[in-house]
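target_36.pdb, holding PDB, C-alpha atoms:
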ATOM      1  CA  MET N 638       0.000   0.000   0.000
ATOM      2  CA  LEU N 639       2.701   2.489   0.984
ATOM      3  CA  TRP N 640       4.945   1.712  -1.961
ATOM      4  CA  TYR N 641       1.945   1.949  -4.318
ATOM      5  CA  LYS N 642       1.007   5.353  -2.930
ATOM      6  CA  SER N 643       4.572   6.577  -3.460
ATOM      7  CA  TRP N 644       4.564   5.190  -6.990
ATOM      8  CA  MET N 645       1.269   6.931  -7.813
ATOM      9  CA  GLU N 646       2.675  10.208  -6.545
ATOM     10  CA  THR N 647       5.802  10.093  -8.719
ATOM     11  CA  ARG N 648       4.869   7.870 -11.667
ATOM     12  CA  TRP N 649       4.423  10.633 -14.251
ATOM     13  CA  ARG N 650       7.687  12.331 -13.343
ATOM     14  CA  PHE N 651       9.431   8.978 -13.641
ATOM     15  CA  LEU N 652       7.810   7.973 -16.935
ATOM     16  CA  ILE N 653       8.452  11.361 -18.544
ATOM     17  CA  GLY N 654      12.064  11.218 -17.380
ATOM     18  CA  LEU N 655      12.486   7.694 -18.736
ATOM     19  CA  ALA N 656      11.086   8.705 -22.122
ATOM     20  CA  MET N 657      13.216  11.853 -22.369
ATOM     21  CA  LEU N 658      16.437  10.142 -21.331
ATOM     22  CA  THR N 659      15.851   7.190 -23.651
ATOM     23  CA  CYS N 660      15.204   9.500 -26.608
ATOM     24  CA  SER N 661      18.307  11.506 -25.727
ATOM     25  CA  ALA N 662      20.475   8.363 -25.634
ATOM     26  CA  CYS N 663      19.156   7.266 -29.024
ATOM     27  CA  VAL N 664      19.832  10.698 -30.526
ATOM     28  CA  VAL N 665      23.422  10.621 -29.225
ATOM     29  CA  VAL N 666      24.052   7.327 -31.021
ATOM     30  CA  PHE N 667      22.485   8.284 -34.340
ATOM     31  CA  LEU N 668      24.203  11.682 -34.458
ATOM     32  CA  TYR N 669      27.664  10.142 -34.348
ATOM     33  CA  PRO N 670      28.148   9.797 -38.143
ATOM     34  CA  GLN N 671      27.390  13.517 -38.594
ATOM     35  CA  MET N 672      29.618  14.452 -35.657
ATOM     36  CA  ALA N 673      32.484  12.398 -37.085
ATOM     37  CA  LYS N 674      32.337  14.475 -40.277
ATOM     38  CA  LEU N 675      32.786  17.693 -38.283
ATOM     39  CA  ILE N 676      35.876  16.555 -36.346
ATOM     40  CA  PRO N 677      38.414  18.006 -38.842
ATOM     41  CA  LEU N 678      36.752  21.419 -38.530
ATOM     42  CA  ALA N 679      37.104  21.550 -34.740
ATOM     43  CA  SER N 680      40.890  21.845 -34.880
ATOM     44  CA  THR N 681      40.720  24.795 -37.291
ATOM     45  CA  LEU N 682      38.465  26.989 -35.167
ATOM     46  CA  GLU N 683      40.027  30.089 -33.654
ATOM     47  CA  ALA N 684      37.501  30.533 -30.826
ATOM     48  CA  LYS N 685      39.131  31.529 -27.553
ATOM     49  CA  GLY N 686      38.214  31.296 -23.911
ATOM     50  CA  VAL N 687      35.920  28.712 -22.350
ATOM     51  CA  LEU N 688      33.879  28.228 -25.545
ATOM     52  CA  GLY N 689      36.937  27.559 -27.674
ATOM     53  CA  ARG N 690      38.341  25.166 -25.116
ATOM     54  CA  GLU N 691      35.057  23.239 -24.958
ATOM     55  CA  ILE N 692      34.806  22.990 -28.755
ATOM     56  CA  ARG N 693      38.352  21.717 -29.113
ATOM     57  CA  GLU N 694      37.911  19.242 -26.262
ATOM     58  CA  ALA N 695      34.664  17.946 -27.762
ATOM     59  CA  GLY N 696      36.440  17.474 -31.075
ATOM     60  CA  GLU N 697      39.247  15.518 -29.457
ATOM     61  CA  LEU N 698      36.823  13.287 -27.579
ATOM     62  CA  ALA N 699      34.809  12.556 -30.719
ATOM     63  CA  ARG N 700      37.838  11.111 -32.530
ATOM     64  CA  ASP N 701      36.810   7.718 -31.197
ATOM     65  CA  TYR N 702      33.342   6.402 -30.410
ATOM     66  CA  ARG N 703      33.950   5.747 -26.715
ATOM     67  CA  GLY N 704      35.138   9.311 -26.207
ATOM     68  CA  TYR N 705      32.182  10.683 -28.149
ATOM     69  CA  VAL N 706      29.658   8.717 -26.051
ATOM     70  CA  TRP N 707      31.310   9.771 -22.817
ATOM     71  CA  GLY N 708      31.495  13.439 -23.808
ATOM     72  CA  GLN N 709      27.957  13.723 -25.154
ATOM     73  CA  TRP N 710      26.059  11.306 -22.918
ATOM     74  CA  TYR N 711      27.839  10.645 -19.645
ATOM     75  CA  ARG N 712      29.349  14.108 -19.224
ATOM     76  CA  GLN N 713      26.494  16.208 -20.591
ATOM     77  CA  ASN N 714      23.038  14.796 -21.318
ATOM     78  CA  LEU N 715      22.733  12.172 -18.589
ATOM     79  CA  PRO N 716      24.026  14.324 -15.687
ATOM     80  CA  GLN N 717      21.955  17.323 -16.775
ATOM     81  CA  LEU N 718      18.661  15.518 -17.308
ATOM     82  CA  GLY N 719      19.416  13.096 -14.484
ATOM     83  CA  THR N 720      19.883  15.951 -12.020
ATOM     84  CA  LEU N 721      16.595  17.515 -13.112
ATOM     85  CA  PHE N 722      14.604  14.329 -12.619
ATOM     86  CA  ALA N 723      16.434  13.418  -9.405
ATOM     87  CA  ALA N 724      15.208  16.719  -7.971
ATOM     88  CA  LEU N 725      11.702  16.167  -9.353
ATOM     89  CA  LEU N 726      11.489  12.662  -7.880
ATOM     90  CA  GLY N 727      12.731  13.927  -4.531
ATOM     91  CA  THR N 728      10.119  16.658  -4.129
ATOM     92  CA  GLY N 729       6.742  16.052  -2.562
ATOM     93  CA  GLY N 730       5.711  14.112   0.505
ATOM     94  CA  LEU N 731       3.655  14.750   3.604
ATOM     95  CA  LEU N 732       4.077  18.520   3.698
ATOM     96  CA  SER N 733       3.076  18.972   0.072
ATOM     97  CA  GLU N 734      -0.201  17.203   0.950
ATOM     98  CA  SER N 735      -0.914  19.351   4.006
ATOM     99  CA  SER N 736      -3.211  21.770   2.188
ATOM    100  CA  GLY N 737      -5.645  19.017   1.162
ATOM    101  CA  ARG N 738      -7.115  15.687   2.186
ATOM    102  CA  GLY N 739      -4.086  13.706   1.054
ATOM    103  CA  MET N 740      -2.184  14.411   4.262
ATOM    104  CA  LEU N 741      -5.104  13.304   6.457
ATOM    105  CA  PHE N 742      -5.415  10.058   4.531
ATOM    106  CA  THR N 743      -1.664   9.417   4.708
ATOM    107  CA  LEU N 744      -1.436  10.051   8.444
ATOM    108  CA  SER N 745      -4.442   7.763   9.026
ATOM    109  CA  LEU N 746      -2.540   4.808   7.594
ATOM    110  CA  PRO N 747      -1.245   2.232  10.130
ATOM    111  CA  ALA N 748       2.388   3.277   9.732
ATOM    112  CA  SER N 749       4.793   5.636  11.459
ATOM    113  CA  ARG N 750       6.041   8.813   9.822
ATOM    114  CA  LYS N 751       9.483   7.262   9.590
ATOM    115  CA  ARG N 752       8.088   4.261   7.713
ATOM    116  CA  LEU N 753       6.038   6.476   5.388
ATOM    117  CA  LEU N 754       9.119   8.506   4.595
ATOM    118  CA  GLY N 755      11.229   5.378   4.161
ATOM    119  CA  PHE N 756       8.895   3.944   1.522
ATOM    120  CA  ARG N 757       8.758   7.296  -0.288
ATOM    121  CA  ALA N 758      12.564   7.505  -0.370
ATOM    122  CA  ALA N 759      12.979   3.873  -1.443
ATOM    123  CA  VAL N 760      10.545   4.211  -4.346
ATOM    124  CA  GLY N 761      12.114   7.489  -5.494
ATOM    125  CA  LEU N 762      15.640   6.096  -5.375
ATOM    126  CA  ALA N 763      14.548   2.950  -7.215
ATOM    127  CA  GLU N 764      13.008   5.114  -9.950
ATOM    128  CA  PHE N 765      16.172   7.182 -10.201
ATOM    129  CA  LEU N 766      18.234   4.000 -10.435
ATOM    130  CA  VAL N 767      16.151   2.920 -13.429
ATOM    131  CA  LEU N 768      16.648   6.344 -15.042
ATOM    132  CA  ALA N 769      20.404   6.041 -14.584
ATOM    133  CA  PHE N 770      20.698   2.556 -16.098
ATOM    134  CA  VAL N 771      17.934   1.776 -18.594
ATOM    135  CA  PRO N 772      18.399   4.635 -21.129
ATOM    136  CA  SER N 773      22.155   3.964 -21.204
ATOM    137  CA  LEU N 774      21.530   0.361 -22.240
ATOM    138  CA  PHE N 775      20.243   1.623 -25.579
ATOM    139  CA  ILE N 776      23.747   2.838 -26.455
ATOM    140  CA  PRO N 777      25.341  -0.643 -26.842
ATOM    141  CA  LEU N 778      22.095  -1.940 -28.351
ATOM    142  CA  LEU N 779      21.935   0.733 -31.072
ATOM    143  CA  SER N 780      25.654   1.280 -31.698
ATOM    144  CA  PRO N 781      25.893  -1.436 -34.409
ATOM    145  CA  ALA N 782      23.378   0.616 -36.412
ATOM    146  CA  VAL N 783      26.092   3.278 -36.898
ATOM    147  CA  GLY N 784      28.890   0.749 -37.381
ATOM    148  CA  GLU N 785      30.279   0.980 -33.834
ATOM    149  CA  THR N 786      30.319  -1.037 -30.624
ATOM    150  CA  TYR N 787      30.174   0.035 -26.998
ATOM    151  CA  GLY N 788      30.994  -2.174 -24.025
ATOM    152  CA  LEU N 789      28.299  -3.135 -21.554
ATOM    153  CA  GLY N 790      30.853  -2.892 -18.744
ATOM    154  CA  ASN N 791      31.326   0.808 -19.460
ATOM    155  CA  VAL N 792      27.575   1.309 -19.325
ATOM    156  CA  LEU N 793      27.284  -0.384 -15.934
ATOM    157  CA  ILE N 794      30.179   1.528 -14.370
ATOM    158  CA  HIS N 795      29.160   4.949 -15.667
ATOM    159  CA  SER N 796      25.510   4.371 -14.763
ATOM    160  CA  ALA N 797      26.455   3.239 -11.258
ATOM    161  CA  CYS N 798      28.464   6.435 -10.736
ATOM    162  CA  GLN N 799      25.557   8.459 -12.102
ATOM    163  CA  SER N 800      23.083   6.821  -9.727
ATOM    164  CA  ILE N 801      25.262   7.146  -6.598
ATOM    165  CA  ALA N 802      26.356  10.738  -7.186
ATOM    166  CA  GLY N 803      22.996  11.854  -8.597
ATOM    167  CA  ALA N 804      21.261  10.538  -5.482
ATOM    168  CA  VAL N 805      22.728  13.552  -3.654
ATOM    169  CA  PHE N 806      20.333  15.840  -5.534
ATOM    170  CA  PHE N 807      17.420  13.492  -4.884
ATOM    171  CA  SER N 808      18.259  13.432  -1.176
ATOM    172  CA  LEU N 809      18.616  17.209  -0.996
ATOM    173  CA  ALA N 810      15.220  17.750  -2.639
ATOM    174  CA  PHE N 811      13.774  15.079  -0.341
ATOM    175  CA  LEU N 812      15.165  16.831   2.741
ATOM    176  CA  LEU N 813      13.932  20.248   1.617
ATOM    177  CA  SER N 814      10.483  18.790   1.004
ATOM    178  CA  THR N 815      10.208  18.127   4.744
ATOM    179  CA  MET N 816      10.860  21.836   5.386
ATOM    180  CA  PHE N 817       8.634  23.522   2.790
ATOM    181  CA  HIS N 818       4.939  22.994   2.073
ATOM    182  CA  ASP N 819       5.181  23.470  -1.687
ATOM    183  CA  LEU N 820       6.864  21.584  -4.512
ATOM    184  CA  TRP N 821       8.639  24.513  -6.117
ATOM    185  CA  ARG N 822      11.034  25.753  -3.446
ATOM    186  CA  PRO N 823      12.747  22.372  -2.884
ATOM    187  CA  LEU N 824      13.019  21.928  -6.653
ATOM    188  CA  LEU N 825      14.388  25.412  -7.343
ATOM    189  CA  ILE N 826      16.868  25.344  -4.458
ATOM    190  CA  THR N 827      18.202  21.944  -5.537
ATOM    191  CA  LEU N 828      18.541  22.946  -9.184
ATOM    192  CA  SER N 829      20.146  26.279  -8.247
ATOM    193  CA  LEU N 830      22.775  24.449  -6.213
ATOM    194  CA  ALA N 831      23.367  22.027  -9.104
ATOM    195  CA  ALA N 832      23.805  24.960 -11.508
ATOM    196  CA  ALA N 833      26.269  26.614  -9.126
ATOM    197  CA  LEU N 834      28.332  23.423  -8.881
ATOM    198  CA  ALA N 835      28.339  23.062 -12.666
ATOM    199  CA  LEU N 836      29.503  26.673 -13.043
ATOM    200  CA  PHE N 837      32.196  26.083 -10.435
ATOM    201  CA  GLU N 838      33.468  23.164 -12.495
ATOM    202  CA  GLN N 839      33.701  25.284 -15.636
ATOM    203  CA  VAL N 840      35.378  28.299 -14.018
ATOM    204  CA  PHE N 841      37.736  26.648 -11.539
ATOM    205  CA  ARG N 842      39.228  23.863 -13.593
ATOM    206  CA  ILE N 843      42.010  23.176 -11.074
ATOM    207  CA  LEU N 844      39.572  22.109  -8.359
ATOM    208  CA  SER N 845      37.038  20.566 -10.724
ATOM    209  CA  PRO N 846      38.156  16.922 -10.177
ATOM    210  CA  TYR N 847      36.402  17.180  -6.807
ATOM    211  CA  ASN N 848      33.152  18.429  -8.362
ATOM    212  CA  ILE N 849      30.142  16.142  -8.037
ATOM    213  CA  PHE N 850      29.519  16.229 -11.778
ATOM    214  CA  ARG N 851      32.965  14.743 -12.391
ATOM    215  CA  VAL N 852      31.965  11.888 -10.103
ATOM    216  CA  MET N 853      28.630  11.492 -11.902
ATOM    217  CA  SER N 854      30.361  11.227 -15.275
ATOM    218  CA  ALA N 855      33.085   8.909 -13.886
ATOM    219  CA  GLU N 856      35.705  10.988 -15.671
ATOM    220  CA  VAL N 857      38.513   9.397 -13.669
ATOM    221  CA  TYR N 858      37.395   5.975 -14.908
ATOM    222  CA  PHE N 859      37.131   7.206 -18.499
ATOM    223  CA  ARG N 860      40.623   8.703 -18.500
ATOM    224  CA  THR N 861      42.536   6.318 -16.244
ATOM    225  CA  GLY N 862      40.413   3.202 -15.768
ATOM    226  CA  GLN N 863      40.187   3.826 -11.999
ATOM    227  CA  LEU N 864      36.908   4.284 -10.175
ATOM    228  CA  PRO N 865      36.393   7.535  -8.193
ATOM    229  CA  TRP N 866      36.019   5.685  -4.895
ATOM    230  CA  LEU N 867      36.486   8.715  -2.647
ATOM    231  CA  GLY N 868      33.939  10.753  -4.560
ATOM    232  CA  LEU N 869      31.427   7.909  -4.584
ATOM    233  CA  LEU N 870      31.851   7.317  -0.851
ATOM    234  CA  THR N 871      31.442  11.021  -0.125
ATOM    235  CA  CYS N 872      28.258  11.183  -2.204
ATOM    236  CA  ALA N 873      26.810   8.070  -0.555
ATOM    237  CA  VAL N 874      27.497   9.446   2.942
ATOM    238  CA  ALA N 875      26.033  12.844   2.019
ATOM    239  CA  SER N 876      22.876  11.221   0.637
ATOM    240  CA  ALA N 877      22.448   9.027   3.707
ATOM    241  CA  ALA N 878      22.934  12.026   6.012
ATOM    242  CA  MET N 879      20.301  14.084   4.183
ATOM    243  CA  LEU N 880      17.804  11.217   4.153
ATOM    244  CA  TYR N 881      18.347  10.737   7.875
ATOM    245  CA  GLY N 882      17.912  14.475   8.372
ATOM    246  CA  ALA N 883      14.596  14.242   6.531
ATOM    247  CA  THR N 884      13.306  11.639   9.010
ATOM    248  CA  ILE N 885      14.269  13.880  11.940
ATOM    249  CA  SER N 886      12.676  16.915  10.306
ATOM    250  CA  ILE N 887       9.366  15.213   9.605
ATOM    251  CA  ALA N 888       9.266  13.613  13.067
ATOM    252  CA  ARG N 889       9.518  17.053  14.700
ATOM    253  CA  HIS N 890       6.898  18.628  12.465
ATOM    254  CA  ASP N 891       3.552  19.465  14.046
ATOM    255  CA  PHE N 892       0.739  18.616  11.614
TER     256      PHE N 892
END

Whole structure given in C-alpha coordinates:
Amino acid sequence: MLWYKSWMETRWRFLIGLAMLTCSACVVVFLYPQMAKLIPLASTLEAKGVLGREIREAGELARDYRGYVWGQWYRQNLPQLGTLFAALLGTGGLLSESSGRGMLFTLSLPASRKRLLGFRAAVGLAEFLVLAFVPSLFIPLLSPAVGETYGLGNVLIHSACQSIAGAVFFSLAFLLSTMFHDLWRPLLITLSLAAALALFEQVFRILSPYNIFRVMSAEVYFRTGQLPWLGLLTCAVASAAMLYGATISIARHDF
(Lines of atoms letter the chains of each structure in order from A and count residues from 1; the text may use other names and numbers.)
(Lines give C-alpha, C1' and ligand atoms only; values in the text may rest on other atoms or scores of the structure.)
Protein backbone atom coordinates (compact mmCIF):
# COMPACT_ATOMS: atom_id res chain seq x y z
CA MET A 1 0.00 0.00 0.00
CA LEU A 2 2.70 2.49 0.98
CA TRP A 3 4.94 1.71 -1.96
CA TYR A 4 1.95 1.95 -4.32
CA LYS A 5 1.01 5.35 -2.93
CA SER A 6 4.57 6.58 -3.46
CA TRP A 7 4.56 5.19 -6.99
CA MET A 8 1.27 6.93 -7.81
CA GLU A 9 2.68 10.21 -6.55
CA THR A 10 5.80 10.09 -8.72
CA ARG A 11 4.87 7.87 -11.67
CA TRP A 12 4.42 10.63 -14.25
CA ARG A 13 7.69 12.33 -13.34
CA PHE A 14 9.43 8.98 -13.64
CA LEU A 15 7.81 7.97 -16.94
CA ILE A 16 8.45 11.36 -18.54
CA GLY A 17 12.06 11.22 -17.38
CA LEU A 18 12.49 7.69 -18.74
CA ALA A 19 11.09 8.70 -22.12
CA MET A 20 13.22 11.85 -22.37
CA LEU A 21 16.44 10.14 -21.33
CA THR A 22 15.85 7.19 -23.65
CA CYS A 23 15.20 9.50 -26.61
CA SER A 24 18.31 11.51 -25.73
CA ALA A 25 20.47 8.36 -25.63
CA CYS A 26 19.16 7.27 -29.02
CA VAL A 27 19.83 10.70 -30.53
CA VAL A 28 23.42 10.62 -29.22
CA VAL A 29 24.05 7.33 -31.02
CA PHE A 30 22.49 8.28 -34.34
CA LEU A 31 24.20 11.68 -34.46
CA TYR A 32 27.66 10.14 -34.35
CA PRO A 33 28.15 9.80 -38.14
CA GLN A 34 27.39 13.52 -38.59
CA MET A 35 29.62 14.45 -35.66
CA ALA A 36 32.48 12.40 -37.08
CA LYS A 37 32.34 14.47 -40.28
CA LEU A 38 32.79 17.69 -38.28
CA ILE A 39 35.88 16.55 -36.35
CA PRO A 40 38.41 18.01 -38.84
CA LEU A 41 36.75 21.42 -38.53
CA ALA A 42 37.10 21.55 -34.74
CA SER A 43 40.89 21.85 -34.88
CA THR A 44 40.72 24.79 -37.29
CA LEU A 45 38.46 26.99 -35.17
CA GLU A 46 40.03 30.09 -33.65
CA ALA A 47 37.50 30.53 -30.83
CA LYS A 48 39.13 31.53 -27.55
CA GLY A 49 38.21 31.30 -23.91
CA VAL A 50 35.92 28.71 -22.35
CA LEU A 51 33.88 28.23 -25.54
CA GLY A 52 36.94 27.56 -27.67
CA ARG A 53 38.34 25.17 -25.12
CA GLU A 54 35.06 23.24 -24.96
CA ILE A 55 34.81 22.99 -28.75
CA ARG A 56 38.35 21.72 -29.11
CA GLU A 57 37.91 19.24 -26.26
CA ALA A 58 34.66 17.95 -27.76
CA GLY A 59 36.44 17.47 -31.07
CA GLU A 60 39.25 15.52 -29.46
CA LEU A 61 36.82 13.29 -27.58
CA ALA A 62 34.81 12.56 -30.72
CA ARG A 63 37.84 11.11 -32.53
CA ASP A 64 36.81 7.72 -31.20
CA TYR A 65 33.34 6.40 -30.41
CA ARG A 66 33.95 5.75 -26.71
CA GLY A 67 35.14 9.31 -26.21
CA TYR A 68 32.18 10.68 -28.15
CA VAL A 69 29.66 8.72 -26.05
CA TRP A 70 31.31 9.77 -22.82
CA GLY A 71 31.50 13.44 -23.81
CA GLN A 72 27.96 13.72 -25.15
CA TRP A 73 26.06 11.31 -22.92
CA TYR A 74 27.84 10.64 -19.65
CA ARG A 75 29.35 14.11 -19.22
CA GLN A 76 26.49 16.21 -20.59
CA ASN A 77 23.04 14.80 -21.32
CA LEU A 78 22.73 12.17 -18.59
CA PRO A 79 24.03 14.32 -15.69
CA GLN A 80 21.96 17.32 -16.77
CA LEU A 81 18.66 15.52 -17.31
CA GLY A 82 19.42 13.10 -14.48
CA THR A 83 19.88 15.95 -12.02
CA LEU A 84 16.60 17.52 -13.11
CA PHE A 85 14.60 14.33 -12.62
CA ALA A 86 16.43 13.42 -9.41
CA ALA A 87 15.21 16.72 -7.97
CA LEU A 88 11.70 16.17 -9.35
CA LEU A 89 11.49 12.66 -7.88
CA GLY A 90 12.73 13.93 -4.53
CA THR A 91 10.12 16.66 -4.13
CA GLY A 92 6.74 16.05 -2.56
CA GLY A 93 5.71 14.11 0.50
CA LEU A 94 3.66 14.75 3.60
CA LEU A 95 4.08 18.52 3.70
CA SER A 96 3.08 18.97 0.07
CA GLU A 97 -0.20 17.20 0.95
CA SER A 98 -0.91 19.35 4.01
CA SER A 99 -3.21 21.77 2.19
CA GLY A 100 -5.65 19.02 1.16
CA ARG A 101 -7.12 15.69 2.19
CA GLY A 102 -4.09 13.71 1.05
CA MET A 103 -2.18 14.41 4.26
CA LEU A 104 -5.10 13.30 6.46
CA PHE A 105 -5.41 10.06 4.53
CA THR A 106 -1.66 9.42 4.71
CA LEU A 107 -1.44 10.05 8.44
CA SER A 108 -4.44 7.76 9.03
CA LEU A 109 -2.54 4.81 7.59
CA PRO A 110 -1.25 2.23 10.13
CA ALA A 111 2.39 3.28 9.73
CA SER A 112 4.79 5.64 11.46
CA ARG A 113 6.04 8.81 9.82
CA LYS A 114 9.48 7.26 9.59
CA ARG A 115 8.09 4.26 7.71
CA LEU A 116 6.04 6.48 5.39
CA LEU A 117 9.12 8.51 4.59
CA GLY A 118 11.23 5.38 4.16
CA PHE A 119 8.90 3.94 1.52
CA ARG A 120 8.76 7.30 -0.29
CA ALA A 121 12.56 7.50 -0.37
CA ALA A 122 12.98 3.87 -1.44
CA VAL A 123 10.55 4.21 -4.35
CA GLY A 124 12.11 7.49 -5.49
CA LEU A 125 15.64 6.10 -5.38
CA ALA A 126 14.55 2.95 -7.21
CA GLU A 127 13.01 5.11 -9.95
CA PHE A 128 16.17 7.18 -10.20
CA LEU A 129 18.23 4.00 -10.43
CA VAL A 130 16.15 2.92 -13.43
CA LEU A 131 16.65 6.34 -15.04
CA ALA A 132 20.40 6.04 -14.58
CA PHE A 133 20.70 2.56 -16.10
CA VAL A 134 17.93 1.78 -18.59
CA PRO A 135 18.40 4.64 -21.13
CA SER A 136 22.16 3.96 -21.20
CA LEU A 137 21.53 0.36 -22.24
CA PHE A 138 20.24 1.62 -25.58
CA ILE A 139 23.75 2.84 -26.46
CA PRO A 140 25.34 -0.64 -26.84
CA LEU A 141 22.10 -1.94 -28.35
CA LEU A 142 21.94 0.73 -31.07
CA SER A 143 25.65 1.28 -31.70
CA PRO A 144 25.89 -1.44 -34.41
CA ALA A 145 23.38 0.62 -36.41
CA VAL A 146 26.09 3.28 -36.90
CA GLY A 147 28.89 0.75 -37.38
CA GLU A 148 30.28 0.98 -33.83
CA THR A 149 30.32 -1.04 -30.62
CA TYR A 150 30.17 0.03 -27.00
CA GLY A 151 30.99 -2.17 -24.03
CA LEU A 152 28.30 -3.13 -21.55
CA GLY A 153 30.85 -2.89 -18.74
CA ASN A 154 31.33 0.81 -19.46
CA VAL A 155 27.58 1.31 -19.32
CA LEU A 156 27.28 -0.38 -15.93
CA ILE A 157 30.18 1.53 -14.37
CA HIS A 158 29.16 4.95 -15.67
CA SER A 159 25.51 4.37 -14.76
CA ALA A 160 26.46 3.24 -11.26
CA CYS A 161 28.46 6.43 -10.74
CA GLN A 162 25.56 8.46 -12.10
CA SER A 163 23.08 6.82 -9.73
CA ILE A 164 25.26 7.15 -6.60
CA ALA A 165 26.36 10.74 -7.19
CA GLY A 166 23.00 11.85 -8.60
CA ALA A 167 21.26 10.54 -5.48
CA VAL A 168 22.73 13.55 -3.65
CA PHE A 169 20.33 15.84 -5.53
CA PHE A 170 17.42 13.49 -4.88
CA SER A 171 18.26 13.43 -1.18
CA LEU A 172 18.62 17.21 -1.00
CA ALA A 173 15.22 17.75 -2.64
CA PHE A 174 13.77 15.08 -0.34
CA LEU A 175 15.16 16.83 2.74
CA LEU A 176 13.93 20.25 1.62
CA SER A 177 10.48 18.79 1.00
CA THR A 178 10.21 18.13 4.74
CA MET A 179 10.86 21.84 5.39
CA PHE A 180 8.63 23.52 2.79
CA HIS A 181 4.94 22.99 2.07
CA ASP A 182 5.18 23.47 -1.69
CA LEU A 183 6.86 21.58 -4.51
CA TRP A 184 8.64 24.51 -6.12
CA ARG A 185 11.03 25.75 -3.45
CA PRO A 186 12.75 22.37 -2.88
CA LEU A 187 13.02 21.93 -6.65
CA LEU A 188 14.39 25.41 -7.34
CA ILE A 189 16.87 25.34 -4.46
CA THR A 190 18.20 21.94 -5.54
CA LEU A 191 18.54 22.95 -9.18
CA SER A 192 20.15 26.28 -8.25
CA LEU A 193 22.78 24.45 -6.21
CA ALA A 194 23.37 22.03 -9.10
CA ALA A 195 23.80 24.96 -11.51
CA ALA A 196 26.27 26.61 -9.13
CA LEU A 197 28.33 23.42 -8.88
CA ALA A 198 28.34 23.06 -12.67
CA LEU A 199 29.50 26.67 -13.04
CA PHE A 200 32.20 26.08 -10.43
CA GLU A 201 33.47 23.16 -12.50
CA GLN A 202 33.70 25.28 -15.64
CA VAL A 203 35.38 28.30 -14.02
CA PHE A 204 37.74 26.65 -11.54
CA ARG A 205 39.23 23.86 -13.59
CA ILE A 206 42.01 23.18 -11.07
CA LEU A 207 39.57 22.11 -8.36
CA SER A 208 37.04 20.57 -10.72
CA PRO A 209 38.16 16.92 -10.18
CA TYR A 210 36.40 17.18 -6.81
CA ASN A 211 33.15 18.43 -8.36
CA ILE A 212 30.14 16.14 -8.04
CA PHE A 213 29.52 16.23 -11.78
CA ARG A 214 32.97 14.74 -12.39
CA VAL A 215 31.97 11.89 -10.10
CA MET A 216 28.63 11.49 -11.90
CA SER A 217 30.36 11.23 -15.27
CA ALA A 218 33.08 8.91 -13.89
CA GLU A 219 35.71 10.99 -15.67
CA VAL A 220 38.51 9.40 -13.67
CA TYR A 221 37.39 5.97 -14.91
CA PHE A 222 37.13 7.21 -18.50
CA ARG A 223 40.62 8.70 -18.50
CA THR A 224 42.54 6.32 -16.24
CA GLY A 225 40.41 3.20 -15.77
CA GLN A 226 40.19 3.83 -12.00
CA LEU A 227 36.91 4.28 -10.18
CA PRO A 228 36.39 7.54 -8.19
CA TRP A 229 36.02 5.69 -4.90
CA LEU A 230 36.49 8.71 -2.65
CA GLY A 231 33.94 10.75 -4.56
CA LEU A 232 31.43 7.91 -4.58
CA LEU A 233 31.85 7.32 -0.85
CA THR A 234 31.44 11.02 -0.12
CA CYS A 235 28.26 11.18 -2.20
CA ALA A 236 26.81 8.07 -0.56
CA VAL A 237 27.50 9.45 2.94
CA ALA A 238 26.03 12.84 2.02
CA SER A 239 22.88 11.22 0.64
CA ALA A 240 22.45 9.03 3.71
CA ALA A 241 22.93 12.03 6.01
CA MET A 242 20.30 14.08 4.18
CA LEU A 243 17.80 11.22 4.15
CA TYR A 244 18.35 10.74 7.87
CA GLY A 245 17.91 14.47 8.37
CA ALA A 246 14.60 14.24 6.53
CA THR A 247 13.31 11.64 9.01
CA ILE A 248 14.27 13.88 11.94
CA SER A 249 12.68 16.91 10.31
CA ILE A 250 9.37 15.21 9.61
CA ALA A 251 9.27 13.61 13.07
CA ARG A 252 9.52 17.05 14.70
CA HIS A 253 6.90 18.63 12.47
CA ASP A 254 3.55 19.47 14.05
CA PHE A 255 0.74 18.62 11.61

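Of the residues listed (N:Pro823, N:Gly654, N:Gly882, N:Pro781), N:Pro823 shows the shortest atom-to-atom separation from N:Thr728; distances use all atoms listed in the file.
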
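For the choices N:Leu880, N:Leu655, N:Ala831, N:Val665, the atom-to-atom distance to N:Val771 is smallest for N:Leu655 when using all atoms listed in the file.
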
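The residue that comes closest to N:Leu789, out of N:Ala855, N:Leu726, N:Arg703, N:Tyr641 and on the basis of only C-alpha atoms, is N:Arg703.
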
Proximity to N:Phe667 - best of N:Ser800, N:Gln709, N:Ser780, N:Asn848, all atoms listed in the file: N:Ser780

What is the distance, in Å and to one decimal place, between atom CA of N:Ser773 and atom CA of N:Cys798? 12.5 Å

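Distances here use only C-alpha atoms; by that measure, the residue among N:Ala662, N:Ala873, N:Ala656, N:Ala883 closest to N:Thr815 is N:Ala883.
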
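Residues of protein, DNA or RNA having at least one counted atom within 8 Å of (7.9, 17.5, -4.9), given all atoms listed in the file, are Ala724, Leu725, Leu726, Gly727, Thr728, Gly729, Gly730, Ser733, Ala810, Phe811, Ser814, Asp819, Leu820, Trp821, Pro823 and Leu824 of chain N.
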
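Straight-line separation from atom CA of N:Leu766 to atom CA of N:Ile801: 8.6 Å.
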
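Of note, atom CA of N:Leu830 and atom CA of N:Ser643 are spaced 25.7 Å apart.
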
Set the distance at 9 Å and use only C-alpha atoms: which residues neighbour N:Pro670 once local chain neighbours fewer than 4 positions away are removed? I'd like the list as a VMD selection string. chain N and resid 666 674 783

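Comparing the minimum interatomic distances between N:Arg860 and each of N:Tyr669, N:Trp707, N:Phe775, N:Phe651, counting only C-alpha atoms, we find that N:Trp707 sits nearest.
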
Write out as number ranges by chain which residues come within 12 Å of N:Gln717 when counting only C-alpha atoms, dropping same-chain ones fewer than 5 positions away. N: 654, 657-658, 661, 709-712, 722-724, 769, 799, 803, 806, 828, 831-832, 834-835, 850, 853-854

Name the residues in contact with N:Ala758 at a cut-off of 9 Å, using all atoms listed in the file, excluding same-chain residues fewer than 2 positions from it; report them as a PyMOL selection string. chain N and resi 643+727+753-756+760-763+807-808+811+880

Hey, can I get the axis-aligned box for stretch 667-671 of chain N? All listed atoms, 5 Å padding on each side, centre and edge lengths in Å to one decimal, as lines of an AutoDock Vina configuration file.
center_x = 25.3
center_y = 10.9
center_z = -36.5
size_x = 15.7
size_y = 15.2
size_z = 14.3

The PyMOL selection byres ((chain N and resi 792) around 9) - which residues does that actually catch in the file I just gave you? List them as number ranges by chain. N: 770, 773-774, 776-777, 787-791, 793-797
